[in-house]
>>> print(open('my_file-v2.txt').read())   # compact mmCIF, C-alpha atoms
# COMPACT_ATOMS: atom_id res chain seq x y z
CA MET A 1 121.59 97.87 84.70
CA LYS A 2 119.51 100.05 82.40
CA GLU A 3 116.41 98.05 83.38
CA ILE A 4 117.17 98.39 87.10
CA LYS A 5 117.51 102.15 86.67
CA ARG A 6 114.28 102.36 84.69
CA GLY A 7 112.53 100.38 87.43
CA MET A 8 113.90 102.66 90.13
CA LYS A 9 112.85 105.74 88.21
CA ASN A 10 109.32 104.41 87.64
CA GLY A 11 109.20 103.35 91.30
CA ILE A 12 109.81 106.85 92.69
CA PRO A 13 106.07 107.63 93.02
CA ILE A 14 105.59 104.36 94.92
CA ALA A 15 108.48 105.23 97.23
CA LEU A 16 106.98 108.67 97.91
CA GLY A 17 103.57 107.23 98.59
CA TYR A 18 105.13 104.60 100.85
CA LEU A 19 106.98 107.29 102.80
CA SER A 20 103.70 108.72 104.02
CA VAL A 21 101.98 105.40 104.75
CA SER A 22 104.95 103.85 106.54
CA PHE A 23 105.55 107.12 108.38
CA SER A 24 102.14 106.76 109.98
CA PHE A 25 102.83 103.08 110.63
CA GLY A 26 106.05 103.95 112.50
CA ALA A 27 104.35 106.76 114.41
CA ILE A 28 101.38 104.61 115.45
CA ALA A 29 103.57 101.65 116.42
CA VAL A 30 105.67 103.77 118.76
CA SER A 31 102.59 105.45 120.22
CA MET A 32 101.28 101.94 121.03
CA GLY A 33 104.43 101.04 122.96
CA PHE A 34 106.56 99.34 120.32
CA SER A 35 110.24 100.27 120.08
CA VAL A 36 111.72 101.92 116.98
CA ILE A 37 113.64 98.70 116.24
CA GLN A 38 110.48 96.61 116.49
CA ALA A 39 108.58 98.89 114.11
CA VAL A 40 111.47 98.78 111.65
CA LEU A 41 111.72 94.96 111.91
CA ILE A 42 108.02 94.55 111.16
CA SER A 43 108.33 96.77 108.08
CA LEU A 44 111.53 95.07 106.91
CA LEU A 45 110.08 91.56 107.07
CA ASN A 46 106.53 92.27 105.87
CA LEU A 47 106.41 95.19 103.45
CA THR A 48 102.63 95.46 103.54
CA SER A 49 100.39 98.16 104.92
CA ALA A 50 97.10 96.57 106.01
CA GLY A 51 98.79 93.45 107.43
CA GLN A 52 101.21 95.49 109.48
CA PHE A 53 98.60 97.83 110.90
CA ALA A 54 96.45 94.85 111.84
CA SER A 55 99.38 93.12 113.53
CA LEU A 56 99.97 96.05 115.89
CA GLY A 57 96.55 95.61 117.47
CA ILE A 58 96.98 91.85 117.83
CA ILE A 59 100.43 92.06 119.42
CA ALA A 60 99.54 94.94 121.74
CA GLY A 61 96.30 93.19 122.72
CA GLN A 62 98.14 89.89 123.32
CA GLY A 63 96.02 88.05 120.75
CA THR A 64 96.62 84.38 120.12
CA TYR A 65 99.15 83.20 117.53
CA LEU A 66 96.29 81.57 115.65
CA GLU A 67 94.50 84.90 115.47
CA MET A 68 97.64 86.48 114.06
CA ALA A 69 97.90 83.72 111.44
CA ILE A 70 94.26 83.99 110.36
CA VAL A 71 94.24 87.78 110.21
CA GLU A 72 97.43 87.92 108.14
CA LEU A 73 96.14 85.20 105.85
CA THR A 74 92.85 86.95 105.11
CA VAL A 75 94.27 90.47 104.90
CA ASN A 76 97.06 89.37 102.56
CA ILE A 77 95.46 86.64 100.47
CA ARG A 78 95.14 89.10 97.58
CA TYR A 79 98.89 88.78 97.09
CA ALA A 80 98.41 85.15 96.06
CA PHE A 81 96.29 86.30 93.13
CA MET A 82 98.78 89.00 92.20
CA SER A 83 101.55 86.41 92.40
CA LEU A 84 99.55 84.13 90.10
CA SER A 85 98.86 87.00 87.72
CA LEU A 86 102.54 87.95 87.72
CA SER A 87 103.56 84.34 86.99
CA GLN A 88 101.92 84.77 83.58
CA LYS A 89 103.92 87.87 82.72
CA VAL A 90 107.49 87.23 83.88
CA ASP A 91 110.11 86.74 81.16
CA GLU A 92 112.23 83.59 80.76
CA LYS A 93 115.09 84.81 82.98
CA PHE A 94 112.75 85.59 85.88
CA LYS A 95 112.82 82.05 87.33
CA GLY A 96 114.21 79.78 90.07
CA ILE A 97 115.95 81.63 92.87
CA TYR A 98 114.83 84.98 91.47
CA LYS A 99 111.21 83.98 91.94
CA TRP A 100 111.93 82.93 95.53
CA LEU A 101 113.70 86.20 96.29
CA LEU A 102 111.68 88.73 94.33
CA SER A 103 108.23 87.40 95.26
CA PHE A 104 108.86 88.90 98.70
CA PHE A 105 108.35 92.31 97.07
CA ILE A 106 104.88 91.69 95.63
CA THR A 107 102.82 94.57 96.97
CA ASP A 108 99.70 96.16 95.48
CA GLU A 109 101.71 99.01 94.02
CA ILE A 110 104.81 97.16 92.82
CA PHE A 111 102.55 94.54 91.26
CA ALA A 112 100.32 97.10 89.54
CA LEU A 113 103.25 98.98 88.06
CA SER A 114 105.05 95.87 86.84
CA MET A 115 101.86 94.63 85.17
CA LEU A 116 101.99 97.65 82.86
CA GLU A 117 104.96 95.94 81.17
CA GLU A 118 104.52 93.61 78.21
CA ASN A 119 106.90 91.15 79.91
CA VAL A 120 108.28 91.65 83.40
CA SER A 121 112.05 91.27 83.68
CA ARG A 122 113.71 90.41 87.01
CA THR A 123 115.93 93.51 86.71
CA TYR A 124 113.04 95.91 86.14
CA PHE A 125 111.07 94.31 88.96
CA PHE A 126 114.11 94.57 91.24
CA GLY A 127 114.46 98.26 90.37
CA LEU A 128 110.83 98.93 91.30
CA ALA A 129 111.14 96.83 94.45
CA SER A 130 114.39 98.34 95.72
CA ILE A 131 113.36 101.97 95.60
CA SER A 132 109.90 101.22 96.99
CA THR A 133 111.35 99.23 99.89
CA ALA A 134 113.81 102.05 100.59
CA GLY A 135 110.85 104.44 100.86
CA TRP A 136 108.99 102.01 103.10
CA MET A 137 111.95 101.60 105.48
CA LEU A 138 112.85 105.28 105.56
CA GLY A 139 109.24 106.24 106.27
CA THR A 140 108.91 103.69 109.08
CA THR A 141 112.12 104.84 110.71
CA LEU A 142 111.28 108.54 110.48
CA GLY A 143 107.72 107.97 111.64
CA ALA A 144 108.86 105.91 114.62
CA MET A 145 111.40 108.56 115.62
CA LEU A 146 109.53 111.79 114.94
CA GLY A 147 105.94 110.83 114.27
CA SER A 148 104.46 113.27 116.71
CA ILE A 149 106.01 116.47 115.36
CA VAL A 150 104.93 116.62 111.69
CA PRO A 151 102.19 119.21 110.92
CA THR A 152 98.79 117.65 110.12
CA VAL A 153 98.38 119.54 106.83
CA ILE A 154 101.48 117.83 105.46
CA SER A 155 100.53 114.35 106.60
CA ASN A 156 96.96 114.86 105.30
CA ALA A 157 98.31 115.89 101.92
CA LEU A 158 100.72 112.97 101.70
CA SER A 159 98.02 110.45 102.54
CA ILE A 160 96.37 111.09 99.19
CA ALA A 161 99.57 110.43 97.19
CA LEU A 162 99.19 106.64 96.92
CA TYR A 163 95.54 106.86 95.96
CA ALA A 164 96.39 109.47 93.33
CA MET A 165 98.89 107.05 91.87
CA PHE A 166 96.35 104.23 91.81
CA ILE A 167 93.95 106.41 89.83
CA ALA A 168 96.76 107.38 87.46
CA ILE A 169 97.30 103.65 86.78
CA ILE A 170 93.63 102.70 86.46
CA ILE A 171 92.37 105.44 84.13
CA PRO A 172 94.76 104.92 81.18
CA GLY A 173 93.82 101.20 81.35
CA MET A 174 90.13 102.12 81.25
CA LYS A 175 90.70 104.26 78.17
CA LYS A 176 92.29 101.32 76.37
CA ASP A 177 89.80 98.59 77.25
CA LYS A 178 86.05 99.04 77.79
CA ASN A 179 85.88 95.85 79.85
CA ILE A 180 88.23 97.40 82.37
CA ILE A 181 85.74 100.27 82.82
CA LYS A 182 83.08 97.69 83.68
CA VAL A 183 85.16 95.67 86.15
CA VAL A 184 86.47 98.82 87.84
CA ALA A 185 82.94 100.14 88.26
CA LEU A 186 81.87 96.80 89.66
CA ALA A 187 84.78 96.73 92.11
CA ILE A 188 83.95 100.22 93.37
CA ILE A 189 80.26 99.38 93.79
CA ILE A 190 80.98 96.20 95.77
CA ARG A 191 83.66 97.87 97.88
CA SER A 192 81.32 100.79 98.64
CA GLY A 193 78.70 98.27 99.76
CA PHE A 194 81.18 96.90 102.29
CA TYR A 195 81.94 100.43 103.35
CA TYR A 196 78.46 101.86 103.82
CA LEU A 197 76.02 99.00 104.42
CA PRO A 198 75.37 98.05 108.04
CA ILE A 199 76.62 94.71 109.40
CA ILE A 200 78.94 93.94 106.48
CA ASN A 201 80.85 97.16 107.16
CA GLN A 202 82.16 95.40 110.28
CA LEU A 203 84.49 93.28 108.09
CA SER A 204 88.14 94.29 108.15
CA SER A 205 89.02 96.61 105.27
CA GLY A 206 91.71 94.28 103.93
CA PHE A 207 89.26 91.41 103.74
CA ALA A 208 86.46 93.52 102.24
CA MET A 209 88.87 94.84 99.64
CA THR A 210 90.01 91.36 98.67
CA ILE A 211 86.45 90.08 98.28
CA SER A 212 85.50 93.16 96.20
CA ALA A 213 88.51 92.81 93.91
CA LEU A 214 88.14 89.06 93.41
CA THR A 215 84.37 89.11 92.90
CA SER A 216 84.44 91.91 90.35
CA ALA A 217 87.34 90.39 88.39
CA PHE A 218 85.58 87.02 88.46
CA ILE A 219 82.24 88.41 87.26
CA GLY A 220 84.09 90.36 84.58
CA ALA A 221 86.02 87.30 83.45
CA VAL A 222 82.84 85.23 83.14
CA LEU A 223 80.67 87.90 81.50
CA PHE A 224 83.12 89.71 79.27
CA ASN A 225 86.17 87.61 78.57
CA LYS A 226 87.45 88.05 75.07
CA GLY A 227 87.17 84.35 74.33
CA GLU A 228 90.56 84.34 72.66
CA ALA A 229 94.21 84.00 73.67
CA HIS A 230 95.65 87.38 74.52
CA GLY A 231 98.05 89.06 76.86
CA MET B 1 106.58 91.62 125.22
CA ASP B 2 110.04 90.79 123.88
CA LYS B 3 110.25 87.06 123.30
CA GLN B 4 106.58 86.93 122.35
CA PHE B 5 107.12 89.79 119.93
CA TYR B 6 109.54 87.71 117.89
CA ILE B 7 107.12 84.79 117.72
CA TYR B 8 104.36 87.11 116.46
CA LEU B 9 106.83 88.63 114.01
CA ALA B 10 107.89 85.22 112.69
CA ILE B 11 104.30 84.05 112.20
CA MET B 12 103.16 87.13 110.31
CA SER B 13 106.30 87.40 108.20
CA LEU B 14 106.30 83.74 107.14
CA ILE B 15 102.61 83.72 106.25
CA THR B 16 102.85 86.94 104.29
CA TYR B 17 105.89 85.65 102.40
CA ALA B 18 104.38 82.24 101.66
CA ILE B 19 101.26 83.84 100.18
CA ARG B 20 103.43 85.88 97.84
CA ALA B 21 105.96 83.23 96.90
CA ILE B 22 104.00 80.02 96.34
CA PRO B 23 101.97 80.92 93.22
CA LEU B 24 104.86 82.67 91.47
CA VAL B 25 107.40 79.95 92.27
CA PHE B 26 105.25 76.94 91.45
CA ILE B 27 103.21 78.09 88.46
CA ASN B 28 105.51 78.03 85.50
CA LYS B 29 103.08 77.19 82.75
CA LYS B 30 101.15 79.71 80.72
CA ILE B 31 97.48 79.59 81.53
CA THR B 32 95.50 79.29 78.30
CA ASN B 33 91.92 79.30 79.58
CA PRO B 34 90.52 82.66 78.37
CA THR B 35 88.30 83.13 81.41
CA ILE B 36 91.19 82.70 83.83
CA GLN B 37 93.35 84.90 81.60
CA SER B 38 90.77 87.67 81.68
CA PHE B 39 90.41 87.25 85.45
CA LEU B 40 94.17 87.70 85.91
CA ASP B 41 94.18 90.69 83.54
CA TYR B 42 91.43 92.40 85.51
CA ILE B 43 92.90 91.73 88.98
CA PRO B 44 95.38 94.67 89.02
CA TYR B 45 92.62 97.11 88.14
CA THR B 46 89.98 95.75 90.51
CA VAL B 47 92.48 95.61 93.40
CA LEU B 48 93.50 99.23 92.91
CA ALA B 49 89.91 100.39 92.42
CA ALA B 50 88.72 98.60 95.57
CA MET B 51 91.63 100.05 97.55
CA THR B 52 91.02 103.59 96.34
CA PHE B 53 87.25 104.00 96.51
CA PRO B 54 85.68 105.17 98.69
CA ASP B 55 88.70 105.43 101.03
CA ILE B 56 90.31 108.28 99.06
CA PHE B 57 87.49 110.66 100.02
CA TYR B 58 88.29 110.20 103.71
CA SER B 59 92.08 110.02 103.38
CA THR B 60 92.69 113.71 104.10
CA GLY B 61 91.67 115.87 107.01
CA HIS B 62 88.42 117.04 105.42
CA LEU B 63 85.88 115.38 103.15
CA ILE B 64 85.88 118.50 100.92
CA SER B 65 89.61 118.41 100.21
CA GLY B 66 89.36 114.65 99.62
CA ILE B 67 86.56 115.00 97.06
CA VAL B 68 87.97 118.02 95.22
CA ALA B 69 91.43 116.46 95.04
CA THR B 70 89.92 113.20 93.74
CA ILE B 71 88.16 115.02 90.90
CA ILE B 72 91.32 116.85 89.90
CA ILE B 73 93.35 113.63 90.17
CA ILE B 74 90.88 111.85 87.86
CA TYR B 75 91.14 114.66 85.32
CA ALA B 76 94.96 114.67 85.47
CA SER B 77 95.00 110.89 85.02
CA TYR B 78 92.62 111.15 82.08
CA LYS B 79 95.12 113.55 80.48
CA GLU B 80 97.69 110.78 81.08
CA LEU B 81 100.11 112.82 83.15
CA SER B 82 102.84 110.70 84.77
CA LEU B 83 102.22 108.99 88.13
CA ILE B 84 104.52 111.36 89.96
CA GLN B 85 102.84 114.42 88.43
CA VAL B 86 99.39 113.16 89.38
CA ALA B 87 100.56 112.40 92.93
CA CYS B 88 102.12 115.85 93.33
CA ILE B 89 99.04 117.62 91.97
CA GLY B 90 96.88 115.65 94.41
CA CYS B 91 99.04 116.62 97.40
CA PHE B 92 99.20 120.25 96.27
CA VAL B 93 95.42 120.54 95.94
CA VAL B 94 94.93 119.08 99.43
CA VAL B 95 97.40 121.52 101.00
CA MET B 96 95.78 124.49 99.25
CA ILE B 97 92.24 123.56 100.28
CA GLU B 98 93.17 122.73 103.86
CA LEU B 99 95.00 126.03 104.23
CA ILE B 100 91.84 127.86 103.11
CA LEU B 101 89.48 125.86 105.34
>>> encode(input="my_file-v2.txt", output="structure tokens")
Amino acid sequence: MKEIKRGMKNGIPIALGYLSVSFSFGAIAVSMGFSVIQAVLISLLNLTSAGQFASLGIIAGQGTYLEMAIVELTVNIRYAFMSLSLSQKVDEKFKGIYKWLLSFFITDEIFALSMLEENVSRTYFFGLASISTAGWMLGTTLGAMLGSIVPTVISNALSIALYAMFIAIIIPGMKKDKNIIKVVALAIIIRSGFYYLPIINQLSSGFAMTISALTSAFIGAVLFNKGEAHG
Amino acid sequence: MDKQFYIYLAIMSLITYAIRAIPLVFINKKITNPTIQSFLDYIPYTVLAAMTFPDIFYSTGHLISGIVATIIIIYASYKELSLIQVACIGCFVVVMIELIL
């Protein structure tokens, strides 16, 4: 119980960040002709930002089912690597049915926060996941119902909350480990290439992000692995 | 779009779930290869970095508020303020700058 509470407390920033992102998801979905229930169902069953935003365009544009499958696979494939990374950090009780149930909640933010733990317990992970999901659902519902009436200044300000949190996770890690400075720099350089260079900036942002993250972590692992058991 | 909607929904939900569940459920052994270990250690940081930059600069209404807020957020993170404090400072800075602009 104490661990669940600690997870929920640490998850509050994620929930707040999710409120703003899912609020825009709900608002955009409704503006594209989806019902409130449909927007909420998508959020409830997917709990992912890029994948959900991409799905709206495919459904509204009557894309093929194959297109939906391929887009979701490429936009979300990063979760497979997070899932793999998490498998190395879960404690002995985090197994069996708990893995089946809790893996649903692997998002960029929940993953990143849980990886700050020495060992990840199922209760702590559940605490993080529950409050974050609550934020995601509340934001979607509110956005779908009243998306058009929130002042822009407020929604602009809230959009930076998640990014702020990411930076607050990355920088303490960089202070502890010089190699992390190098891989982070590499990730930003590659991602910026996908952002600013012609032709390759046509790639979907989810896909470009995944390639940037994997390539930089891979280069880092080959060039500056510690060559000893750790972690 | 009703019946079709549910087919789309099923496809995307199942694929997204499978991607998340399969590695965690089926990999129960500790990986000992140091290169793979380092790779997995770096993944959280590279994912967050690639998600944040350069998108954060364009996340607000104006490039100026995005850049100034980013600098202040980096400083606050360097001082190791809590996540919630950093997030609130970021939002506050954006509101202030956008009200001035």
>>> closest_residue(input="my_file-v2.txt", among="A:Asn225, A:Ser114, A:Thr123, A:Gln202", to="Pro34 in chain B", atoms="only C-alpha atoms")
A:Asn225
>>> residues_near_point(input="my_file-v2.txt", point="(105.6, 91.3, 112.0)", cutoff="8 Å", atoms="only C-alpha atoms", output="ChimeraX atom specification")
/A:41-43,45-46,52,55 /B:6,8-13
>>> closest_residue(input="my_file-v2.txt", among="B:Phe53, B:Tyr75, B:Tyr45, B:Phe92", to="Leu113 in chain A", atoms="all atoms listed in the file")
B:Tyr45
>>> residues_around(input="my_file-v2.txt", residues="Pro54 in chain B", least_positions_apart="2", cutoff="12 Å", atoms="only C-alpha atoms", output="number ranges by chain")
A: 163, 185, 187-196, 205, 209; B: 48-52, 56-59, 63, 66-67, 70
>>> residues_around(input="my_file-v2.txt", residues="Gly61 in chain B", least_positions_apart="6", cutoff="8 Å", atoms="only C-alpha atoms", output="list in words")
Thr152, Val153 and Asn156 of chain A; Glu98 of chain B
>>> residues_near_point(input="my_file-v2.txt", point="(102.9, 85.9, 85.2)", cutoff="9 Å", atoms="all atoms listed in the file", output="list in words")
Met82, Ser83, Leu84, Ser85, Leu86, Ser87, Gln88, Lys89, Val90, Asp91, Met115, Asn119 and Val120 of chain A; Leu24, Ile27, Asn28, Lys30 and Leu40 of chain B
>>> atom_distance(input="my_file-v2.txt", atom1="CA of Thr60 in chain B", atom2="CA of Ala112 in chain A")
23.4 Å
>>> closest_residue(input="my_file-v2.txt", among="A:Ser148, A:Ser49, A:Gln38, A:Ser31", to="chain B", atoms="only C-alpha atoms")
A:Gln38
>>> atom_distance(input="my_file-v2.txt", atom1="CA of Met8 in chain A", atom2="CA of Ile131 in chain A")
5.5 Å
>>> atom_distance(input="my_file-v2.txt", atom1="CA of Ile36 in chain B", atom2="CA of Ala50 in chain A")
26.8 Å
>>> residues_around(input="my_file-v2.txt", residues="range 136-141 of chain A", least_positions_apart="5", cutoff="9 Å", atoms="all atoms listed in the file", output="PyMOL selection string")
chain A and resi 15-27+36-37+39-40+43-44+47+131+146
>>> closest_residue(input="my_file-v2.txt", among="A:Leu203, A:Phe126, A:Ala69, A:Glu118", to="chain B", atoms="only C-alpha atoms")
A:Ala69
>>> closest_residue(input="my_file-v2.txt", among="A:Ser130, A:Lys176, A:Leu56, A:Pro13", to="chain B", atoms="only C-alpha atoms")
A:Pro13
>>> residues_around(input="my_file-v2.txt", residues="Ala164 in chain A", least_positions_apart="5", cutoff="8 Å", atoms="only C-alpha atoms", output="PyMOL selection string")
chain B and resi 70+73+83+86-87+90
>>> closest_residue(input="my_file-v2.txt", among="A:Ala129, A:Ile70, A:Ala168, A:Ala134", to="Arg6 in chain A", atoms="only C-alpha atoms")
A:Ala129
>>> residues_around(input="my_file-v2.txt", residues="Leu101 in chain A", least_positions_apart="2", cutoff="12 Å", atoms="only C-alpha atoms", output="MDAnalysis selection string")
(chainID A and resid 94:99 103:106 122 125:126 129) or (chainID B and resid 17:18 20:22 24:25)
